[in-house]
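> The file below is model-v7.csv, CSV, C-alpha atoms:
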```
chain,number,residue,atom,x,y,z
A,1,MET,CA,-10.7,-20.5,-1.7
A,2,ASP,CA,-10.5,-18.4,1.4
A,3,SER,CA,-9.5,-14.8,0.9
A,4,ILE,CA,-6.0,-14.2,2.2
A,5,TYR,CA,-7.2,-10.7,3.1
A,6,ARG,CA,-9.9,-11.6,5.5
A,7,ASN,CA,-8.0,-10.3,8.5
A,8,LEU,CA,-6.1,-7.4,7.0
A,9,ARG,CA,-8.5,-4.8,8.3
A,10,ASN,CA,-8.5,-6.4,11.7
A,11,ARG,CA,-4.7,-6.4,11.7
A,12,ASN,CA,-4.7,-2.6,11.1
A,13,ALA,CA,-7.6,-1.9,13.3
A,14,SER,CA,-5.6,-0.6,16.2
A,15,ASN,CA,-4.0,2.2,14.2
A,16,HIS,CA,-6.1,2.4,11.0
A,17,MET,CA,-8.2,5.2,9.9
A,18,SER,CA,-11.3,3.0,10.1
A,19,GLU,CA,-11.3,2.9,13.9
A,20,PRO,CA,-14.8,3.7,15.0
A,21,TYR,CA,-15.4,7.3,16.3
A,22,ASP,CA,-17.9,10.0,15.6
A,23,GLU,CA,-16.3,11.3,12.4
A,24,ALA,CA,-19.1,13.7,11.4
A,25,ALA,CA,-19.0,15.4,14.8
A,26,LEU,CA,-15.2,15.7,14.6
A,27,ILE,CA,-15.4,17.2,11.2
A,28,ALA,CA,-18.0,19.7,12.3
A,29,ARG,CA,-15.8,20.8,15.2
A,30,ILE,CA,-12.8,21.2,13.0
A,31,GLN,CA,-14.9,23.3,10.6
A,32,ALA,CA,-16.0,25.4,13.5
A,33,GLY,CA,-12.3,26.1,14.3
A,34,ASP,CA,-12.0,23.9,17.3
A,35,LYS,CA,-8.2,23.4,17.8
A,36,ALA,CA,-8.8,20.4,20.1
A,37,ALA,CA,-10.6,18.7,17.3
A,38,CYS,CA,-7.7,19.3,15.0
A,39,ALA,CA,-5.4,17.7,17.6
A,40,GLU,CA,-7.8,14.7,17.8
A,41,CYS,CA,-7.8,14.3,14.1
A,42,ILE,CA,-4.0,14.3,14.1
A,43,GLU,CA,-3.9,11.7,16.8
A,44,ILE,CA,-6.2,9.4,14.9
A,45,HIS,CA,-4.9,9.9,11.4
A,46,SER,CA,-1.2,10.9,11.5
A,47,PRO,CA,0.3,7.3,11.8
A,48,ALA,CA,-1.4,6.2,8.6
A,49,VAL,CA,-0.6,9.5,6.8
A,50,TYR,CA,3.0,9.1,7.8
A,51,ARG,CA,3.2,5.4,6.6
A,52,LEU,CA,1.9,6.4,3.2
A,53,ALA,CA,4.2,9.4,3.0
A,54,LEU,CA,7.3,7.4,4.0
A,55,ARG,CA,6.6,4.6,1.6
A,56,LEU,CA,6.1,7.1,-1.2
A,57,MET,CA,9.0,9.3,-0.4
A,58,GLN,CA,11.5,6.6,1.0
A,59,ASN,CA,12.9,9.3,3.3
A,60,GLU,CA,11.9,10.0,6.9
A,61,ALA,CA,12.5,13.8,6.8
A,62,GLU,CA,10.6,14.2,3.5
A,63,ALA,CA,7.8,12.0,4.9
A,64,GLU,CA,7.5,14.2,7.9
A,65,ASP,CA,7.3,17.3,5.6
A,66,VAL,CA,4.5,15.6,3.6
A,67,MET,CA,2.6,14.7,6.8
A,68,GLN,CA,2.8,18.3,8.0
A,69,GLU,CA,1.7,19.6,4.6
A,70,THR,CA,-1.1,17.2,4.5
A,71,PHE,CA,-2.7,18.4,7.8
A,72,LEU,CA,-2.0,22.0,7.0
A,73,ASN,CA,-3.8,21.7,3.7
A,74,ALA,CA,-6.5,19.6,5.1
A,75,PHE,CA,-7.4,22.0,7.9
A,76,LYS,CA,-7.3,24.9,5.4
A,77,ALA,CA,-9.6,23.1,3.1
A,78,ILE,CA,-11.9,21.5,5.7
A,79,ASP,CA,-14.9,23.7,4.7
A,80,SER,CA,-14.8,22.1,1.2
A,81,PHE,CA,-14.9,18.6,2.6
A,82,GLU,CA,-18.3,17.2,1.6
A,83,GLY,CA,-18.1,13.8,3.3
A,84,ARG,CA,-18.5,11.9,0.0
A,85,SER,CA,-15.5,9.8,1.2
A,86,GLY,CA,-14.3,9.1,4.8
A,87,LEU,CA,-12.0,11.7,6.4
A,88,GLY,CA,-9.1,9.2,6.3
A,89,THR,CA,-9.6,8.6,2.5
A,90,TRP,CA,-9.6,12.3,1.9
A,91,LEU,CA,-6.4,12.7,4.0
A,92,TYR,CA,-4.7,9.9,2.0
A,93,ARG,CA,-5.6,11.8,-1.2
A,94,ILE,CA,-4.1,15.0,0.1
A,95,ALA,CA,-1.0,13.2,1.3
A,96,HIS,CA,-0.6,11.4,-2.0
A,97,ASN,CA,-0.9,14.7,-4.0
A,98,ALA,CA,1.6,16.4,-1.7
A,99,ALA,CA,4.1,13.5,-2.1
A,100,MET,CA,3.6,13.5,-5.9
A,101,MET,CA,4.2,17.2,-6.1
A,102,ARG,CA,7.6,16.7,-4.3
A,103,LEU,CA,8.6,13.6,-6.3
A,104,ARG,CA,7.8,15.3,-9.6
A,105,ARG,CA,9.7,18.5,-9.0
A,106,PRO,CA,10.8,20.6,-10.9
A,107,ASN,CA,7.6,20.1,-13.0
A,108,PRO,CA,4.9,20.2,-10.4
A,109,TYR,CA,2.3,21.5,-12.8
A,110,THR,CA,2.4,18.3,-14.8
A,111,VAL,CA,0.9,16.3,-11.9
A,112,SER,CA,-1.8,13.9,-12.9
A,113,VAL,CA,-3.0,11.3,-10.5
A,114,GLU,CA,-4.6,9.4,-13.4
A,115,GLU,CA,-1.3,9.0,-15.2
A,116,THR,CA,-1.1,6.4,-18.0
A,117,LEU,CA,0.7,3.2,-17.3
A,118,SER,CA,4.3,3.1,-18.6
A,119,PRO,CA,5.5,0.3,-20.8
A,120,GLU,CA,7.4,-1.2,-17.8
A,121,THR,CA,4.1,-1.8,-15.9
A,122,GLN,CA,2.1,-3.2,-18.8
A,123,GLY,CA,1.8,-6.9,-19.4
A,124,ILE,CA,4.2,-8.1,-16.8
A,125,VAL,CA,5.1,-11.7,-17.8
A,126,PRO,CA,6.7,-13.8,-15.1
A,127,ARG,CA,10.3,-14.7,-16.0
A,128,GLN,CA,11.6,-15.6,-12.5
A,129,LEU,CA,10.6,-19.2,-12.0
A,130,PHE,CA,12.6,-20.3,-8.9
A,131,ASP,CA,10.3,-21.7,-6.2
A,132,TRP,CA,11.4,-20.0,-3.0
A,133,CYS,CA,8.4,-21.0,-1.0
A,134,CYS,CA,10.5,-23.9,0.3
A,135,LEU,CA,12.5,-21.6,2.6
A,136,PRO,CA,11.9,-22.2,6.3
A,137,GLU,CA,9.4,-19.7,7.7
A,138,GLU,CA,12.0,-18.2,10.1
A,139,ASP,CA,14.0,-17.1,7.1
A,140,PHE,CA,11.2,-14.8,6.1
A,141,GLU,CA,11.1,-13.1,9.5
A,142,SER,CA,14.5,-11.4,9.7
A,143,ASP,CA,15.0,-7.6,9.7
A,144,GLU,CA,17.0,-8.1,6.5
A,145,VAL,CA,14.0,-9.6,4.7
A,146,ARG,CA,11.7,-6.8,6.0
A,147,THR,CA,14.2,-4.2,4.7
A,148,GLU,CA,14.3,-5.9,1.3
A,149,LEU,CA,10.4,-5.9,1.2
A,150,GLU,CA,10.3,-2.2,2.1
A,151,GLN,CA,13.0,-1.4,-0.5
A,152,ALA,CA,11.1,-3.3,-3.2
A,153,ILE,CA,8.0,-1.1,-2.5
A,154,GLY,CA,10.2,1.9,-3.0
A,155,GLU,CA,11.3,0.6,-6.4
A,156,LEU,CA,7.8,-0.1,-7.6
A,157,PRO,CA,6.9,1.9,-10.7
A,158,GLU,CA,5.1,5.1,-9.7
A,159,ALA,CA,1.8,4.2,-11.3
A,160,LEU,CA,1.6,1.0,-9.2
A,161,LYS,CA,3.1,2.1,-5.9
A,162,ALA,CA,0.3,4.1,-4.2
A,163,VAL,CA,-2.3,1.6,-5.2
A,164,PHE,CA,-0.2,-1.2,-3.7
A,165,ILE,CA,0.4,0.7,-0.4
A,166,LEU,CA,-3.2,1.8,0.1
A,167,ARG,CA,-4.9,-1.5,-1.0
A,168,GLU,CA,-2.4,-4.0,0.2
A,169,LEU,CA,-0.6,-2.5,3.2
A,170,GLU,CA,-3.2,0.0,4.5
A,171,GLY,CA,-6.1,-2.4,3.9
A,172,LEU,CA,-8.4,0.1,2.0
A,173,SER,CA,-11.1,-1.4,-0.2
A,174,THR,CA,-10.9,-1.1,-3.9
A,175,ALA,CA,-13.5,1.7,-3.8
A,176,GLU,CA,-11.7,3.6,-1.1
A,177,THR,CA,-8.3,3.3,-2.9
A,178,ALA,CA,-10.0,4.5,-6.1
A,179,GLU,CA,-11.5,7.5,-4.3
A,180,ALA,CA,-8.2,8.4,-2.6
A,181,LEU,CA,-6.2,8.3,-5.9
A,182,GLY,CA,-8.8,9.6,-8.3
A,183,LEU,CA,-8.8,6.3,-10.2
A,184,SER,CA,-11.6,4.0,-11.4
A,185,PRO,CA,-12.1,0.8,-9.4
A,186,GLY,CA,-11.1,-1.2,-12.5
A,187,ALA,CA,-7.8,0.7,-12.7
A,188,VAL,CA,-7.1,0.0,-9.0
A,189,LYS,CA,-7.6,-3.8,-9.6
A,190,VAL,CA,-5.4,-3.9,-12.6
A,191,ARG,CA,-2.6,-1.9,-10.9
A,192,LEU,CA,-2.8,-4.0,-7.7
A,193,HIS,CA,-2.4,-7.1,-9.8
A,194,ARG,CA,0.5,-5.7,-11.8
A,195,ALA,CA,2.2,-4.5,-8.6
A,196,ARG,CA,2.0,-7.9,-7.0
A,197,LEU,CA,3.5,-9.5,-10.2
A,198,TRP,CA,6.2,-6.9,-10.3
A,199,LEU,CA,7.1,-7.4,-6.7
A,200,ARG,CA,7.2,-11.2,-7.1
A,201,GLU,CA,9.6,-10.7,-10.0
A,202,ARG,CA,11.7,-8.3,-8.0
A,203,LEU,CA,11.9,-10.5,-4.9
A,204,THR,CA,12.5,-13.9,-6.5
A,205,PRO,CA,16.2,-13.5,-7.2
A,206,TYR,CA,16.7,-12.3,-3.6
A,207,PHE,CA,14.9,-15.3,-2.1
A,208,ALA,CA,16.6,-17.6,-4.6
A,209,GLU,CA,19.9,-16.5,-3.3
A,210,LEU,CA,18.8,-17.1,0.2
A,211,ALA,CA,17.6,-20.6,-0.7
A,212,HIS,CA,20.9,-21.3,-2.4
A,213,GLU,CA,22.9,-20.1,0.6
A,214,ALA,CA,20.8,-22.3,2.9
A,215,GLN,CA,21.5,-25.3,0.7
A,216,GLY,CA,25.2,-24.4,0.6
A,217,ILE,CA,25.2,-23.9,-3.2
B,218,MET,CA,6.7,-20.7,-19.6
B,219,ASP,CA,4.4,-21.0,-22.6
B,220,VAL,CA,3.3,-17.4,-22.6
B,221,GLU,CA,0.3,-17.8,-24.9
B,222,ASN,CA,-1.3,-20.6,-22.8
B,223,CYS,CA,-0.4,-19.1,-19.4
B,224,ARG,CA,-1.2,-15.4,-20.1
B,225,HIS,CA,-4.9,-16.0,-19.8
B,226,MET,CA,-4.5,-17.5,-16.4
B,227,LEU,CA,-2.2,-14.8,-15.2
B,228,GLY,CA,-4.9,-12.1,-15.6
B,229,ASP,CA,-7.2,-13.8,-13.1
B,230,LEU,CA,-4.5,-14.6,-10.5
B,231,SER,CA,-5.2,-11.8,-8.1
B,232,ASP,CA,-9.0,-12.5,-8.1
B,233,TYR,CA,-8.1,-16.1,-7.4
B,234,LEU,CA,-5.7,-15.3,-4.5
B,235,ASP,CA,-8.3,-12.8,-3.1
B,236,GLY,CA,-11.0,-15.4,-3.2
B,237,GLU,CA,-12.9,-13.3,-5.7
B,238,ALA,CA,-12.7,-15.5,-8.7
B,239,SER,CA,-15.7,-17.6,-9.7
B,240,ALA,CA,-15.7,-21.3,-9.0
B,241,GLU,CA,-15.3,-21.9,-12.7
B,242,ILE,CA,-12.2,-19.7,-12.9
B,243,CYS,CA,-10.8,-21.3,-9.8
B,244,ALA,CA,-11.2,-24.8,-11.3
B,245,GLU,CA,-9.7,-23.6,-14.6
B,246,ILE,CA,-6.6,-22.2,-12.8
B,247,GLU,CA,-6.2,-25.3,-10.6
B,248,GLN,CA,-6.5,-27.6,-13.6
B,249,HIS,CA,-3.9,-25.5,-15.5
B,250,MET,CA,-1.5,-25.6,-12.5
B,251,ASP,CA,-1.7,-29.4,-12.4
B,252,GLY,CA,-0.1,-29.5,-15.9
B,253,CYS,CA,2.1,-26.4,-15.8
B,254,GLU,CA,4.9,-26.4,-13.2
B,255,ASP,CA,5.9,-22.9,-14.1
B,256,CYS,CA,2.5,-21.5,-13.4
B,257,ARG,CA,2.3,-23.4,-10.1
B,258,ILE,CA,5.5,-21.8,-9.1
B,259,VAL,CA,4.2,-18.3,-10.1
B,260,VAL,CA,1.0,-18.8,-8.2
B,261,ASP,CA,2.8,-20.1,-5.0
B,262,THR,CA,5.4,-17.4,-5.0
B,263,LEU,CA,2.8,-14.7,-5.8
B,264,ARG,CA,0.7,-15.9,-2.9
B,265,LYS,CA,3.8,-15.9,-0.6
B,266,THR,CA,4.7,-12.4,-1.8
B,267,VAL,CA,1.3,-11.1,-0.8
B,268,LEU,CA,1.4,-12.9,2.5
B,269,LEU,CA,4.8,-11.5,3.4
B,270,TYR,CA,3.5,-8.0,2.7
B,271,ARG,CA,0.4,-8.6,4.7
B,272,ASP,CA,2.6,-9.5,7.7
B,273,LEU,CA,5.1,-6.6,7.2
B,274,PRO,CA,5.1,-4.5,10.4
B,275,PRO,CA,4.0,-0.9,9.7
B,276,PRO,CA,6.9,1.6,10.0
B,277,PRO,CA,6.6,3.7,13.2
B,278,MET,CA,6.9,7.5,13.3
B,279,PRO,CA,10.3,8.6,14.3
B,280,GLN,CA,10.9,10.0,17.8
B,281,GLY,CA,9.8,13.6,18.0
B,282,ALA,CA,7.8,13.6,14.7
B,283,ARG,CA,4.5,13.9,16.5
B,284,ARG,CA,5.7,16.8,18.6
B,285,ARG,CA,7.1,18.6,15.5
B,286,LEU,CA,3.8,18.0,13.7
B,287,PHE,CA,1.8,19.7,16.6
B,288,GLN,CA,4.4,22.5,16.6
B,289,ALA,CA,4.1,23.1,12.9
B,290,LEU,CA,0.3,23.3,13.2
B,291,ASP,CA,0.5,25.6,16.3
B,292,LEU,CA,-1.3,23.0,18.4
B,293,GLU,CA,1.4,22.4,21.0
B,294,GLU,CA,-1.0,23.1,23.9
B,295,TYR,CA,-2.9,20.0,22.9
B,296,LEU,CA,0.2,17.8,22.9
B,297,ALA,CA,0.0,15.5,25.9
B,298,HIS,CA,3.1,13.3,25.9
B,299,ASP,CA,5.3,12.9,23.0
B,300,ALA,CA,5.9,9.3,21.8
```
Show the structure stored in the file as structure tokens.

Amino acid sequence: MDSIYRNLRNRNASNHMSEPYDEAALIARIQAGDKAACAECIEIHSPAVYRLALRLMQNEAEAEDVMQETFLNAFKAIDSFEGRSGLGTWLYRIAHNAAMMRLRRPNPYTVSVEETLSPETQGIVPRQLFDWCCLPEEDFESDEVRTELEQAIGELPEALKAVFILRELEGLSTAETAEALGLSPGAVKVRLHRARLWLRERLTPYFAELAHEAQGI
Amino acid sequence: MDVENCRHMLGDLSDYLDGEASAEICAEIEQHMDGCEDCRIVVDTLRKTVLLYRDLPPPPMPQGARRRLFQALDLEEYLAHDA
């Protein structure tokens, strides 16, 4: 069976962090205090950092704050960047930590990226069994459906959300997602699978209603 | 849905959809779906869910966000034209 992800990286290529450029040279310039290099880094990486922040925070103003904090922290800590991961993956990690600190207030010191999965994310058994694939393709292309899809991401259990965003929407590999979130590759695969099942359950009643409306039921 | 018989298949579904499952697992899933309407629906709607998210347009940055970011980092002199 062909992978449905074959073109995901290409889809994001125009604004994704994996766009080819001399990353090592850019990092060296930032480490040397070159402000123009910092600006270049922002131009390259800020759209992706913002997307992650927005989907985690579900609020534009908070997402902007997280984005600003991410680059402030990154430039402060750039000397400690060892290049074990890509710069983009490192920025995703900083952004995720910044978002989690905000989301978990007032107990920021309990932050653990490698949190255990809560009971609601374990052993998701499909219960919604309406087949909504029969809907005409144009019914999936409305702004209302896109809003519903984004809203469902926002409702994903915390343990699954960042994995789904990075792996599925940003097109990171399992290894890159694991590096960005401080998880094992196995944990990334399990969480991605559970996130997909969770979203299918969440979206099925919505699409079932659309199908019933279309059929005049 | 017969949870006991179907649970085993569920665990491999993402590998199956991603094209990462072995030929043996793929054949097992497809054979199971032939006799299990509930699982066929789950596979089809799960695949559609993934495809819908794959096609979801990325949210753009709000007007002025880039300028505010450059300002916050004291990099305004490098700001060409705000989007």
> Just need the residues of chain A within 8 Å of chain B, counting all atoms listed in the file, so spit them out as a ChimeraX atom specification.
/A:1-5,8,35-36,39,47,50-51,60,64,67-68,71-72,125-127,129-133,140,146,149,168-169,193,196-197,199-200
> How many Å separate atom CA of Leu160 of chain A from atom CA of Ser80 of chain A?
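These atoms are spaced 28.7 Å apart.
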> Report as number ranges by chain all protein, DNA and RNA residues lying within 10 Å of Leu135 of chain A, evaluated on all atoms listed in the file, omitting residues in the same chain fewer than 2 positions from it.
A: 131-133, 137-140, 207-208, 210-212, 214-215
> Counting all atoms listed in the file, which of A:Glu170, A:Glu179, A:Glu148, A:Glu213 gets nearest to Leu52 of chain A?
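Looking only at the distances to Leu52 of chain A, the closest residue turns out to be A:Glu170.
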> What does the distance from atom CA of Leu183 of chain A to atom CA of Gly88 of chain A come to in Å, to one decimal?
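Result for atom CA of Leu183 of chain A versus atom CA of Gly88 of chain A: 16.8 Å, one decimal.
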> List as a list of chain:residue names the protein and nucleic acid residues near Leu87 of chain A, meaning an atom at most 10 Å away when only C-alpha atoms are counted, but skip any in the same chain fewer than 4 places from it.
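Counting only C-alpha atoms, the residues come to A:Met17, A:Ser18, A:Glu23, A:Ala24, A:Leu26, A:Ile27, A:Cys41, A:His45, A:Ala74, A:Ile78, A:Phe81, A:Glu82, A:Gly83, A:Leu91, A:Tyr92, A:Arg93.
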> To one decimal place, how far is atom CA of Asn97 of chain A from atom CA of Arg167 of chain A in Å?
17.0 Å
> Could you name the residues that touch segment 184-187 of chain A at 9 Å or less, counting all atoms listed in the file, but leaving out those on the same chain fewer than 6 positions away, as a PyMOL selection string?
chain A and resi 174-178
> So, counting all atoms listed in the file, which residue among A:Asp22, A:Glu43, A:Arg29, A:Phe164 is closest to Ala297 of chain B?
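Closest residue, counting all atoms listed in the file: A:Glu43.
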> Which one of A:Lys189, A:Arg194, A:Arg202, A:His96 sits closest to Arg55 of chain A if you count all atoms listed in the file?
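Using all atoms listed in the file, the shortest distance to Arg55 of chain A belongs to A:His96.
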> Which one is closest to Asp79 of chain A: A:Ile30, A:Ala48, A:Ala63, A:Ile42? Count only C-alpha atoms.
A:Ile30
